[in-house]
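> I am sharing target.txt, which consists of compact mmCIF, N, CA and C atoms and all ligand atoms:
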# COMPACT_ATOMS: atom_id res chain seq x y z
N MET A 19 -29.96 -38.54 -75.00
CA MET A 19 -30.39 -38.61 -73.61
C MET A 19 -29.78 -37.44 -72.82
N THR A 20 -30.62 -36.72 -72.07
CA THR A 20 -30.09 -35.64 -71.23
C THR A 20 -29.32 -36.25 -70.07
N GLU A 21 -28.07 -35.84 -69.96
CA GLU A 21 -27.18 -36.39 -68.94
C GLU A 21 -26.58 -35.27 -68.12
N ARG A 22 -26.04 -35.68 -66.97
CA ARG A 22 -25.21 -34.79 -66.16
C ARG A 22 -23.84 -35.41 -66.03
N THR A 23 -22.83 -34.55 -65.96
CA THR A 23 -21.47 -35.06 -65.79
C THR A 23 -20.70 -34.18 -64.82
N LEU A 24 -19.69 -34.75 -64.18
CA LEU A 24 -18.82 -33.96 -63.32
C LEU A 24 -17.64 -33.44 -64.13
N MET A 25 -17.47 -32.13 -64.11
CA MET A 25 -16.37 -31.49 -64.81
C MET A 25 -15.47 -30.81 -63.79
N LEU A 26 -14.17 -31.04 -63.91
CA LEU A 26 -13.20 -30.35 -63.03
C LEU A 26 -12.25 -29.53 -63.89
N ILE A 27 -11.93 -28.31 -63.40
CA ILE A 27 -10.75 -27.62 -63.90
C ILE A 27 -9.68 -27.88 -62.84
N LYS A 28 -8.68 -28.65 -63.21
CA LYS A 28 -7.66 -29.11 -62.26
C LYS A 28 -6.74 -27.95 -61.87
N PRO A 29 -5.91 -28.14 -60.81
CA PRO A 29 -5.09 -27.02 -60.31
C PRO A 29 -4.20 -26.34 -61.35
N ASP A 30 -3.71 -27.09 -62.34
CA ASP A 30 -2.86 -26.45 -63.37
C ASP A 30 -3.69 -25.50 -64.23
N GLY A 31 -4.94 -25.86 -64.51
CA GLY A 31 -5.81 -24.98 -65.29
C GLY A 31 -6.13 -23.70 -64.53
N VAL A 32 -6.36 -23.84 -63.22
CA VAL A 32 -6.66 -22.66 -62.39
C VAL A 32 -5.42 -21.77 -62.29
N LYS A 33 -4.26 -22.37 -61.97
CA LYS A 33 -3.02 -21.60 -61.78
C LYS A 33 -2.62 -20.84 -63.04
N ARG A 34 -2.88 -21.43 -64.19
CA ARG A 34 -2.46 -20.78 -65.43
C ARG A 34 -3.52 -19.83 -65.98
N GLY A 35 -4.58 -19.62 -65.21
CA GLY A 35 -5.56 -18.60 -65.60
C GLY A 35 -6.45 -19.03 -66.75
N LYS A 36 -6.81 -20.30 -66.78
CA LYS A 36 -7.61 -20.82 -67.91
C LYS A 36 -9.07 -21.09 -67.56
N ILE A 37 -9.52 -20.64 -66.38
CA ILE A 37 -10.93 -20.90 -66.00
C ILE A 37 -11.87 -20.31 -67.05
N GLY A 38 -11.66 -19.06 -67.39
CA GLY A 38 -12.55 -18.39 -68.35
C GLY A 38 -12.53 -19.06 -69.71
N GLU A 39 -11.35 -19.40 -70.18
CA GLU A 39 -11.18 -20.06 -71.49
C GLU A 39 -11.94 -21.39 -71.53
N ILE A 40 -11.86 -22.14 -70.43
CA ILE A 40 -12.51 -23.47 -70.39
C ILE A 40 -14.03 -23.32 -70.30
N ILE A 41 -14.48 -22.41 -69.46
CA ILE A 41 -15.93 -22.20 -69.34
C ILE A 41 -16.49 -21.65 -70.65
N ARG A 42 -15.72 -20.80 -71.32
CA ARG A 42 -16.14 -20.28 -72.64
C ARG A 42 -16.39 -21.43 -73.61
N ARG A 43 -15.49 -22.42 -73.61
CA ARG A 43 -15.66 -23.56 -74.53
C ARG A 43 -16.89 -24.38 -74.17
N ILE A 44 -17.15 -24.55 -72.88
CA ILE A 44 -18.33 -25.31 -72.45
C ILE A 44 -19.60 -24.59 -72.91
N GLU A 45 -19.62 -23.28 -72.69
CA GLU A 45 -20.82 -22.51 -73.03
C GLU A 45 -20.98 -22.37 -74.54
N ASN A 46 -19.87 -22.18 -75.25
CA ASN A 46 -19.97 -22.10 -76.71
C ASN A 46 -20.52 -23.38 -77.31
N LYS A 47 -20.17 -24.50 -76.70
CA LYS A 47 -20.67 -25.79 -77.18
C LYS A 47 -22.18 -25.91 -76.96
N GLY A 48 -22.68 -25.17 -75.97
CA GLY A 48 -24.12 -25.21 -75.69
C GLY A 48 -24.50 -25.99 -74.45
N TYR A 49 -23.50 -26.47 -73.71
CA TYR A 49 -23.80 -27.19 -72.48
C TYR A 49 -24.09 -26.20 -71.36
N GLN A 50 -24.93 -26.65 -70.42
CA GLN A 50 -25.27 -25.81 -69.27
C GLN A 50 -24.46 -26.21 -68.06
N ILE A 51 -24.00 -25.21 -67.33
CA ILE A 51 -23.34 -25.47 -66.04
C ILE A 51 -24.40 -25.22 -64.98
N ILE A 52 -24.78 -26.28 -64.26
CA ILE A 52 -25.90 -26.15 -63.32
C ILE A 52 -25.43 -26.06 -61.87
N ALA A 53 -24.13 -26.26 -61.61
CA ALA A 53 -23.57 -26.05 -60.27
C ALA A 53 -22.08 -25.82 -60.43
N MET A 54 -21.52 -24.98 -59.54
CA MET A 54 -20.08 -24.68 -59.64
C MET A 54 -19.55 -24.22 -58.29
N LYS A 55 -18.33 -24.67 -57.94
CA LYS A 55 -17.66 -24.20 -56.72
C LYS A 55 -16.16 -24.43 -56.87
N MET A 56 -15.38 -23.82 -55.96
CA MET A 56 -13.92 -24.04 -55.94
C MET A 56 -13.54 -24.67 -54.61
N VAL A 57 -12.74 -25.73 -54.67
CA VAL A 57 -12.27 -26.39 -53.44
C VAL A 57 -10.85 -26.92 -53.65
N VAL A 58 -10.11 -27.05 -52.55
CA VAL A 58 -8.88 -27.84 -52.58
C VAL A 58 -9.27 -29.23 -52.08
N PRO A 59 -9.20 -30.25 -52.94
CA PRO A 59 -9.69 -31.57 -52.52
C PRO A 59 -8.80 -32.19 -51.43
N THR A 60 -9.42 -32.98 -50.58
CA THR A 60 -8.67 -33.73 -49.57
C THR A 60 -8.18 -35.04 -50.19
N GLU A 61 -7.20 -35.64 -49.53
CA GLU A 61 -6.70 -36.93 -50.01
C GLU A 61 -7.80 -37.99 -49.94
N LYS A 62 -8.63 -37.89 -48.92
CA LYS A 62 -9.72 -38.84 -48.74
C LYS A 62 -10.69 -38.79 -49.94
N LEU A 63 -11.03 -37.58 -50.35
CA LEU A 63 -11.93 -37.42 -51.51
C LEU A 63 -11.27 -37.97 -52.78
N LEU A 64 -9.97 -37.69 -52.94
CA LEU A 64 -9.28 -38.15 -54.15
C LEU A 64 -9.16 -39.67 -54.19
N ASN A 65 -8.97 -40.28 -53.02
CA ASN A 65 -8.91 -41.75 -52.98
C ASN A 65 -10.21 -42.38 -53.46
N LEU A 66 -11.32 -41.70 -53.20
CA LEU A 66 -12.62 -42.20 -53.68
C LEU A 66 -12.82 -41.86 -55.15
N HIS A 67 -12.52 -40.60 -55.50
CA HIS A 67 -12.71 -40.16 -56.88
C HIS A 67 -11.86 -40.98 -57.85
N TYR A 68 -10.60 -41.20 -57.46
CA TYR A 68 -9.66 -41.93 -58.33
C TYR A 68 -9.43 -43.36 -57.82
N ALA A 69 -10.49 -43.99 -57.28
CA ALA A 69 -10.35 -45.32 -56.68
C ALA A 69 -9.65 -46.32 -57.60
N GLU A 70 -9.96 -46.27 -58.90
CA GLU A 70 -9.40 -47.25 -59.83
C GLU A 70 -7.91 -47.04 -60.07
N HIS A 71 -7.37 -45.90 -59.63
CA HIS A 71 -5.95 -45.59 -59.86
C HIS A 71 -5.08 -45.78 -58.62
N VAL A 72 -5.73 -45.99 -57.45
CA VAL A 72 -4.97 -46.18 -56.20
C VAL A 72 -4.03 -47.37 -56.39
N GLY A 73 -2.76 -47.17 -56.03
CA GLY A 73 -1.77 -48.25 -56.16
C GLY A 73 -0.95 -48.19 -57.44
N LYS A 74 -1.38 -47.39 -58.41
CA LYS A 74 -0.59 -47.24 -59.64
C LYS A 74 0.67 -46.41 -59.34
N SER A 75 1.70 -46.60 -60.16
CA SER A 75 2.98 -45.92 -59.90
C SER A 75 2.84 -44.40 -59.90
N TYR A 76 1.91 -43.88 -60.71
CA TYR A 76 1.75 -42.42 -60.79
C TYR A 76 0.81 -41.88 -59.73
N TYR A 77 0.21 -42.76 -58.92
CA TYR A 77 -0.85 -42.30 -58.02
C TYR A 77 -0.40 -41.25 -56.99
N PRO A 78 0.74 -41.46 -56.28
CA PRO A 78 1.18 -40.43 -55.33
C PRO A 78 1.38 -39.07 -56.01
N SER A 79 1.94 -39.08 -57.19
CA SER A 79 2.14 -37.84 -57.94
C SER A 79 0.80 -37.23 -58.36
N LEU A 80 -0.16 -38.08 -58.71
CA LEU A 80 -1.50 -37.61 -59.08
C LEU A 80 -2.17 -36.90 -57.90
N VAL A 81 -2.02 -37.49 -56.70
CA VAL A 81 -2.63 -36.89 -55.51
C VAL A 81 -1.97 -35.54 -55.21
N SER A 82 -0.64 -35.46 -55.28
CA SER A 82 -0.04 -34.16 -54.94
C SER A 82 -0.35 -33.11 -56.00
N TYR A 83 -0.45 -33.53 -57.25
CA TYR A 83 -0.90 -32.62 -58.32
C TYR A 83 -2.31 -32.10 -58.01
N MET A 84 -3.22 -33.00 -57.69
CA MET A 84 -4.62 -32.60 -57.49
C MET A 84 -4.84 -31.79 -56.22
N MET A 85 -3.88 -31.90 -55.25
CA MET A 85 -4.00 -31.13 -54.01
C MET A 85 -3.13 -29.87 -54.05
N SER A 86 -2.53 -29.56 -55.18
CA SER A 86 -1.57 -28.45 -55.25
C SER A 86 -2.25 -27.09 -55.30
N GLY A 87 -3.56 -27.05 -55.32
CA GLY A 87 -4.28 -25.77 -55.34
C GLY A 87 -5.75 -26.02 -55.57
N PRO A 88 -6.53 -24.94 -55.64
CA PRO A 88 -7.96 -25.12 -55.83
C PRO A 88 -8.32 -25.69 -57.19
N VAL A 89 -9.44 -26.39 -57.18
CA VAL A 89 -10.02 -27.03 -58.36
C VAL A 89 -11.40 -26.39 -58.57
N VAL A 90 -11.78 -26.13 -59.80
CA VAL A 90 -13.15 -25.68 -60.09
C VAL A 90 -13.99 -26.93 -60.35
N VAL A 91 -15.06 -27.08 -59.59
CA VAL A 91 -15.91 -28.28 -59.67
C VAL A 91 -17.25 -27.86 -60.26
N MET A 92 -17.64 -28.53 -61.33
CA MET A 92 -18.89 -28.14 -62.00
C MET A 92 -19.73 -29.37 -62.34
N ILE A 93 -21.03 -29.18 -62.34
CA ILE A 93 -21.94 -30.17 -62.93
C ILE A 93 -22.42 -29.59 -64.25
N GLY A 94 -22.18 -30.34 -65.32
CA GLY A 94 -22.64 -29.93 -66.63
C GLY A 94 -23.86 -30.75 -67.02
N GLU A 95 -24.71 -30.15 -67.82
CA GLU A 95 -25.92 -30.86 -68.26
C GLU A 95 -26.15 -30.65 -69.75
N GLY A 96 -26.57 -31.72 -70.42
CA GLY A 96 -26.90 -31.63 -71.84
C GLY A 96 -27.07 -33.02 -72.44
N THR A 97 -27.57 -33.07 -73.66
CA THR A 97 -27.76 -34.34 -74.36
C THR A 97 -26.39 -34.97 -74.66
N ASN A 98 -26.18 -36.18 -74.19
CA ASN A 98 -24.91 -36.90 -74.39
C ASN A 98 -23.68 -36.10 -73.96
N ILE A 99 -23.82 -35.34 -72.87
CA ILE A 99 -22.71 -34.49 -72.43
C ILE A 99 -21.50 -35.30 -71.94
N ILE A 100 -21.73 -36.52 -71.45
CA ILE A 100 -20.61 -37.30 -70.91
C ILE A 100 -19.58 -37.53 -72.01
N SER A 101 -20.05 -38.01 -73.14
CA SER A 101 -19.12 -38.24 -74.24
C SER A 101 -18.72 -36.93 -74.91
N GLY A 102 -19.64 -35.98 -75.00
CA GLY A 102 -19.34 -34.69 -75.63
C GLY A 102 -18.27 -33.91 -74.89
N TRP A 103 -18.34 -33.92 -73.58
CA TRP A 103 -17.32 -33.21 -72.78
C TRP A 103 -15.96 -33.89 -72.92
N ARG A 104 -15.95 -35.23 -72.98
CA ARG A 104 -14.67 -35.91 -73.15
C ARG A 104 -14.07 -35.61 -74.54
N THR A 105 -14.93 -35.41 -75.52
CA THR A 105 -14.42 -34.99 -76.84
C THR A 105 -13.82 -33.59 -76.76
N LEU A 106 -14.50 -32.68 -76.07
CA LEU A 106 -13.94 -31.33 -75.91
C LEU A 106 -12.61 -31.36 -75.15
N MET A 107 -12.50 -32.26 -74.15
CA MET A 107 -11.26 -32.34 -73.36
C MET A 107 -10.09 -32.85 -74.17
N GLY A 108 -10.33 -33.85 -75.01
CA GLY A 108 -9.24 -34.52 -75.72
C GLY A 108 -8.68 -35.67 -74.90
N GLU A 109 -7.76 -36.42 -75.49
CA GLU A 109 -7.29 -37.62 -74.79
C GLU A 109 -6.41 -37.29 -73.59
N THR A 110 -6.25 -38.32 -72.73
CA THR A 110 -5.61 -38.13 -71.42
C THR A 110 -4.23 -37.49 -71.51
N ASN A 111 -3.40 -38.00 -72.40
CA ASN A 111 -2.03 -37.49 -72.52
C ASN A 111 -2.04 -36.20 -73.35
N PRO A 112 -1.68 -35.07 -72.74
CA PRO A 112 -1.79 -33.79 -73.46
C PRO A 112 -0.84 -33.67 -74.65
N THR A 113 0.21 -34.47 -74.67
CA THR A 113 1.09 -34.47 -75.84
C THR A 113 0.37 -35.06 -77.05
N LYS A 114 -0.48 -36.05 -76.79
CA LYS A 114 -1.18 -36.74 -77.88
C LYS A 114 -2.54 -36.13 -78.19
N ALA A 115 -3.08 -35.34 -77.27
CA ALA A 115 -4.42 -34.78 -77.46
C ALA A 115 -4.43 -33.87 -78.69
N ALA A 116 -5.48 -33.98 -79.47
CA ALA A 116 -5.56 -33.26 -80.75
C ALA A 116 -5.67 -31.75 -80.52
N PRO A 117 -5.03 -30.97 -81.40
CA PRO A 117 -5.26 -29.52 -81.39
C PRO A 117 -6.76 -29.26 -81.56
N GLY A 118 -7.25 -28.23 -80.90
CA GLY A 118 -8.69 -27.98 -80.92
C GLY A 118 -9.36 -28.48 -79.66
N THR A 119 -8.72 -29.43 -78.97
CA THR A 119 -9.25 -29.88 -77.69
C THR A 119 -8.60 -29.08 -76.57
N ILE A 120 -9.22 -29.10 -75.39
CA ILE A 120 -8.68 -28.34 -74.25
C ILE A 120 -7.29 -28.85 -73.88
N ARG A 121 -7.16 -30.17 -73.76
CA ARG A 121 -5.85 -30.72 -73.38
C ARG A 121 -4.82 -30.51 -74.49
N GLY A 122 -5.28 -30.60 -75.74
CA GLY A 122 -4.37 -30.42 -76.87
C GLY A 122 -3.92 -28.97 -77.03
N ASP A 123 -4.81 -28.04 -76.75
CA ASP A 123 -4.48 -26.62 -76.94
C ASP A 123 -3.78 -26.02 -75.73
N LEU A 124 -4.17 -26.45 -74.53
CA LEU A 124 -3.72 -25.75 -73.32
C LEU A 124 -2.73 -26.55 -72.49
N GLY A 125 -2.58 -27.84 -72.78
CA GLY A 125 -1.76 -28.70 -71.93
C GLY A 125 -0.50 -29.19 -72.62
N ARG A 126 0.43 -29.66 -71.81
CA ARG A 126 1.64 -30.32 -72.31
C ARG A 126 2.15 -31.23 -71.21
N GLU A 127 3.09 -32.11 -71.53
CA GLU A 127 3.70 -32.96 -70.50
C GLU A 127 4.82 -32.19 -69.81
N TRP A 128 5.00 -32.54 -68.52
CA TRP A 128 6.07 -31.97 -67.71
C TRP A 128 6.86 -33.13 -67.13
N GLU A 129 7.83 -32.83 -66.28
CA GLU A 129 8.65 -33.92 -65.73
C GLU A 129 7.96 -34.71 -64.62
N GLU A 130 6.84 -34.19 -64.08
CA GLU A 130 6.13 -34.92 -63.03
C GLU A 130 5.66 -36.28 -63.55
N LYS A 131 5.56 -37.23 -62.62
CA LYS A 131 5.14 -38.57 -63.01
C LYS A 131 3.67 -38.58 -63.49
N ALA A 132 2.81 -37.85 -62.78
CA ALA A 132 1.40 -37.80 -63.20
C ALA A 132 1.24 -36.83 -64.36
N MET A 133 0.32 -37.16 -65.26
CA MET A 133 0.05 -36.25 -66.38
C MET A 133 -0.84 -35.12 -65.92
N MET A 134 -0.35 -33.90 -66.07
CA MET A 134 -1.14 -32.72 -65.74
C MET A 134 -1.89 -32.34 -67.00
N ASN A 135 -3.20 -32.44 -66.93
CA ASN A 135 -3.97 -32.31 -68.18
C ASN A 135 -5.22 -31.44 -68.05
N ILE A 136 -5.16 -30.47 -67.14
CA ILE A 136 -6.08 -29.31 -67.13
C ILE A 136 -7.51 -29.61 -66.67
N VAL A 137 -8.11 -30.69 -67.17
CA VAL A 137 -9.54 -30.93 -66.91
C VAL A 137 -9.84 -32.40 -66.63
N HIS A 138 -11.00 -32.62 -66.03
CA HIS A 138 -11.53 -33.97 -65.80
C HIS A 138 -12.96 -34.04 -66.28
N GLY A 139 -13.36 -35.23 -66.74
CA GLY A 139 -14.77 -35.49 -67.05
C GLY A 139 -15.10 -36.94 -66.75
N SER A 140 -16.28 -37.16 -66.19
CA SER A 140 -16.73 -38.53 -65.91
C SER A 140 -16.76 -39.34 -67.20
N ASP A 141 -16.60 -40.68 -67.07
CA ASP A 141 -16.53 -41.50 -68.28
C ASP A 141 -17.77 -42.36 -68.54
N SER A 142 -18.78 -42.29 -67.68
CA SER A 142 -20.01 -43.07 -67.89
C SER A 142 -21.12 -42.49 -67.02
N VAL A 143 -22.34 -42.91 -67.29
CA VAL A 143 -23.47 -42.44 -66.50
C VAL A 143 -23.27 -42.83 -65.03
N LEU A 144 -22.78 -44.04 -64.82
CA LEU A 144 -22.58 -44.51 -63.46
C LEU A 144 -21.51 -43.72 -62.72
N SER A 145 -20.37 -43.48 -63.41
CA SER A 145 -19.32 -42.74 -62.70
C SER A 145 -19.71 -41.27 -62.55
N ALA A 146 -20.49 -40.73 -63.47
CA ALA A 146 -20.95 -39.34 -63.31
C ALA A 146 -21.78 -39.22 -62.04
N GLU A 147 -22.70 -40.15 -61.85
CA GLU A 147 -23.55 -40.10 -60.67
C GLU A 147 -22.73 -40.27 -59.39
N ARG A 148 -21.79 -41.20 -59.44
CA ARG A 148 -20.93 -41.45 -58.28
C ARG A 148 -20.07 -40.22 -57.96
N GLU A 149 -19.46 -39.64 -59.00
CA GLU A 149 -18.55 -38.49 -58.80
C GLU A 149 -19.32 -37.24 -58.36
N ILE A 150 -20.50 -37.01 -58.92
CA ILE A 150 -21.31 -35.84 -58.52
C ILE A 150 -21.65 -35.96 -57.03
N ASN A 151 -22.00 -37.16 -56.59
CA ASN A 151 -22.33 -37.35 -55.17
C ASN A 151 -21.12 -37.19 -54.26
N LEU A 152 -19.93 -37.50 -54.78
CA LEU A 152 -18.71 -37.32 -53.98
C LEU A 152 -18.36 -35.84 -53.80
N TRP A 153 -18.42 -35.09 -54.89
CA TRP A 153 -17.95 -33.70 -54.87
C TRP A 153 -19.02 -32.72 -54.39
N PHE A 154 -20.30 -33.08 -54.55
CA PHE A 154 -21.40 -32.25 -54.06
C PHE A 154 -22.22 -33.07 -53.07
N THR A 155 -21.79 -33.07 -51.80
CA THR A 155 -22.53 -33.91 -50.83
C THR A 155 -23.60 -33.09 -50.12
O1 LIG A 201 -8.76 -38.22 -67.04
P1 LIG A 201 -9.01 -39.38 -67.99
O2 LIG A 201 -10.35 -40.03 -67.79
O3 LIG A 201 -8.73 -38.99 -69.41
O4 LIG A 201 -7.89 -40.47 -67.66
P2 LIG A 201 -7.85 -41.65 -66.57
O5 LIG A 201 -7.21 -42.82 -67.22
O6 LIG A 201 -9.18 -41.85 -65.92
O7 LIG A 201 -6.81 -41.10 -65.49
C1 LIG A 201 -7.18 -40.14 -64.52
C2 LIG A 201 -6.05 -39.16 -64.39
O8 LIG A 201 -4.90 -39.80 -63.84
C3 LIG A 201 -5.55 -38.59 -65.72
O9 LIG A 201 -6.36 -37.51 -66.17
C4 LIG A 201 -4.14 -38.17 -65.39
O10 LIG A 201 -4.09 -36.92 -64.71
C5 LIG A 201 -3.73 -39.28 -64.41
N1 LIG A 201 -2.99 -40.38 -65.09
C6 LIG A 201 -1.59 -40.32 -65.15
O11 LIG A 201 -1.01 -39.37 -64.63
N2 LIG A 201 -0.89 -41.31 -65.78
C7 LIG A 201 -1.52 -42.35 -66.35
N3 LIG A 201 -0.80 -43.30 -66.95
C8 LIG A 201 -2.92 -42.42 -66.31
C9 LIG A 201 -3.63 -41.42 -65.68
MG MG A 202 -11.09 -41.09 -66.14
Mind turning the file's structure into structure tokens?

Amino acid sequence: MTERTLMLIKPDGVKRGKIGEIIRRIENKGYQIIAMKMVVPTEKLLNLHYAEHVGKSYYPSLVSYMMSGPVVVMIGEGTNIISGWRTLMGETNPTKAAPGTIRGDLGREWEEKAMMNIVHGSDSVLSAEREINLWFT
């Protein structure tokens, strides 16, 4: 099924100069980037984007991480891209993410409470639609 997903390069990915490396992986895989922009997200936007995480112990740290600089916001398109992009990203914890994945190759854990893990991808058709509407209004 042709799907769309929301892809973010988080502030750590931008600061460390990995925009090109990440886009290269998306394009090498064969996915299309159909929209792209850079923004520093507001707390209001993050509260909506990460609604399921509000109130968790790591949440304040997650918000300051995500507001620490610009984020690259993209809409990707392709057959089964939602699951395919999450495979390219690797698992949430960059220490555990497999080598060969973006998080596994480019990320590591730091002393911050929130896990800084370079990229984001929607986890379902419903959340992709919701997140795309939040970031591209
Ligand atoms: O990003 P992903 O879908 O892999 O993970 P999530 O469970 O939806 O969590 C969203 C983001 O919150 C993660 O990517 C981490 O940056 C952060 N998080 C964290 O810092 N500590 C956790 N225990 C869970 C999530
Ligand atoms: Mg998630």
> Grab the atom CA of A:Tyr68 to atom CA of A:Gly102 distance for me, in Å with one decimal place.
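Spanning atom CA of A:Tyr68 to atom CA of A:Gly102 is a straight-line distance of 21.1 Å.
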> Given the choices A:Gly108, A:Pro59, A:Gly122, A:Gly38, which gets closest to ligand LIG 201 (chain A) if the distance is worked out from all atoms listed in the file?
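Closest candidate: A:Gly108.
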> Which value, in Å to one decimal, gives the distance between atom CA of A:Val90 and atom CA of A:Ile120?
15.1 Å
> As a PyMOL selection string, please: the residues near A:Glu130 (cut-off 10 Å, only C-alpha atoms, same-chain neighbours under 3 positions excluded).
chain A and resi 76+79-80+83+127+133-134
> Could you work out how far atom CA of A:Thr97 lies from atom P1 of ligand LIG 201 (chain A), giving the answer in Å with one decimal?
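Taking atom P1 of ligand LIG 201 (chain A) and atom CA of A:Thr97, their separation equals 20.4 Å.
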> I'd like the contact shell of A:Arg121 - 8 Å cut-off, all atoms listed in the file, skipping same-chain residues fewer than 3 positions apart - returned as a ChimeraX atom specification.
/A:106-118,124-126,134-137
> Mind the document's chain letters and residue numbers, and return as number ranges by chain the residues of chain A that DSSP labels helix (DSSP H, G or I).
A: 29-33, 37-47, 61-67, 69-71, 77-84, 99-107, 120-124, 143-153
> Would you name the residues within 7 Å of ligand MG 202 (chain A), counting only C-alpha atoms and all ligand atoms, and put them as a list in words?
Gly139, Ser140 and Asp141 of chain A
> Each side padded by 4 Å, which centre and which edge lengths in Å (one decimal) define the axis-aligned box around the listed atoms of stretch 60-72 of chain A? Give them as JSON.

{"center_x": -8.4, "center_y": -40.2, "center_z": -54.4, "size_x": 16.8, "size_y": 22.4, "size_z": 19.3}
> In terms of the shortest atom-to-atom distance over only N, CA and C atoms and all ligand atoms, which of A:Arg34, A:Lys131, A:Arg148, A:Arg43 is closest to ligand LIG 201 (chain A)?
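Distance minimum relative to ligand LIG 201 (chain A) lands on A:Lys131.
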> Tell me, which residues of stretch 50-143 of chain A carry DSSP strand (DSSP E), written as number ranges by chain?
A: 50-57, 89-97, 137-139
> Could you tell me which of A:Leu152, A:Pro29, A:Met54, A:Ala146 comes closest to A:Met85 if we count all atoms listed in the file?
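When distances to A:Met85 are compared using all atoms listed in the file, the smallest one comes from A:Pro29.
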> Of the candidates A:Ala132, A:Ala69, A:Thr105, A:Lys47, which shows the shortest atom-to-atom distance to ligand LIG 201 (chain A), using only N, CA and C atoms and all ligand atoms?
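Counting only N, CA and C atoms and all ligand atoms, the residue closest to ligand LIG 201 (chain A) is A:Ala132.
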> I'd like the contact shell of A:Pro88 - 8 Å cut-off, only C-alpha atoms, skipping same-chain residues fewer than 4 positions apart - returned as a PDB file with N, CA and C atoms, in the frame of the given file.

ATOM      1  N   LYS A  28      -8.680 -28.650 -63.210  1.00  0.00           N
ATOM      2  CA  LYS A  28      -7.660 -29.110 -62.260  1.00  0.00           C
ATOM      3  C   LYS A  28      -6.740 -27.950 -61.870  1.00  0.00           C
ATOM      4  N   PRO A  29      -5.910 -28.140 -60.810  1.00  0.00           N
ATOM      5  CA  PRO A  29      -5.090 -27.020 -60.310  1.00  0.00           C
ATOM      6  C   PRO A  29      -4.200 -26.340 -61.350  1.00  0.00           C
ATOM      7  N   VAL A  32      -6.360 -23.840 -63.220  1.00  0.00           N
ATOM      8  CA  VAL A  32      -6.660 -22.660 -62.390  1.00  0.00           C
ATOM      9  C   VAL A  32      -5.420 -21.770 -62.290  1.00  0.00           C
ATOM     10  N   MET A  56     -15.380 -23.820 -55.960  1.00  0.00           N
ATOM     11  CA  MET A  56     -13.920 -24.040 -55.940  1.00  0.00           C
ATOM     12  C   MET A  56     -13.540 -24.670 -54.610  1.00  0.00           C
ATOM     13  N   VAL A  57     -12.740 -25.730 -54.670  1.00  0.00           N
ATOM     14  CA  VAL A  57     -12.270 -26.390 -53.440  1.00  0.00           C
ATOM     15  C   VAL A  57     -10.850 -26.920 -53.650  1.00  0.00           C
ATOM     16  N   VAL A  58     -10.110 -27.050 -52.550  1.00  0.00           N
ATOM     17  CA  VAL A  58      -8.880 -27.840 -52.580  1.00  0.00           C
ATOM     18  C   VAL A  58      -9.270 -29.230 -52.080  1.00  0.00           C
ATOM     19  N   PRO A  59      -9.200 -30.250 -52.940  1.00  0.00           N
ATOM     20  CA  PRO A  59      -9.690 -31.570 -52.520  1.00  0.00           C
ATOM     21  C   PRO A  59      -8.800 -32.190 -51.430  1.00  0.00           C
TER      22      PRO A  59
END
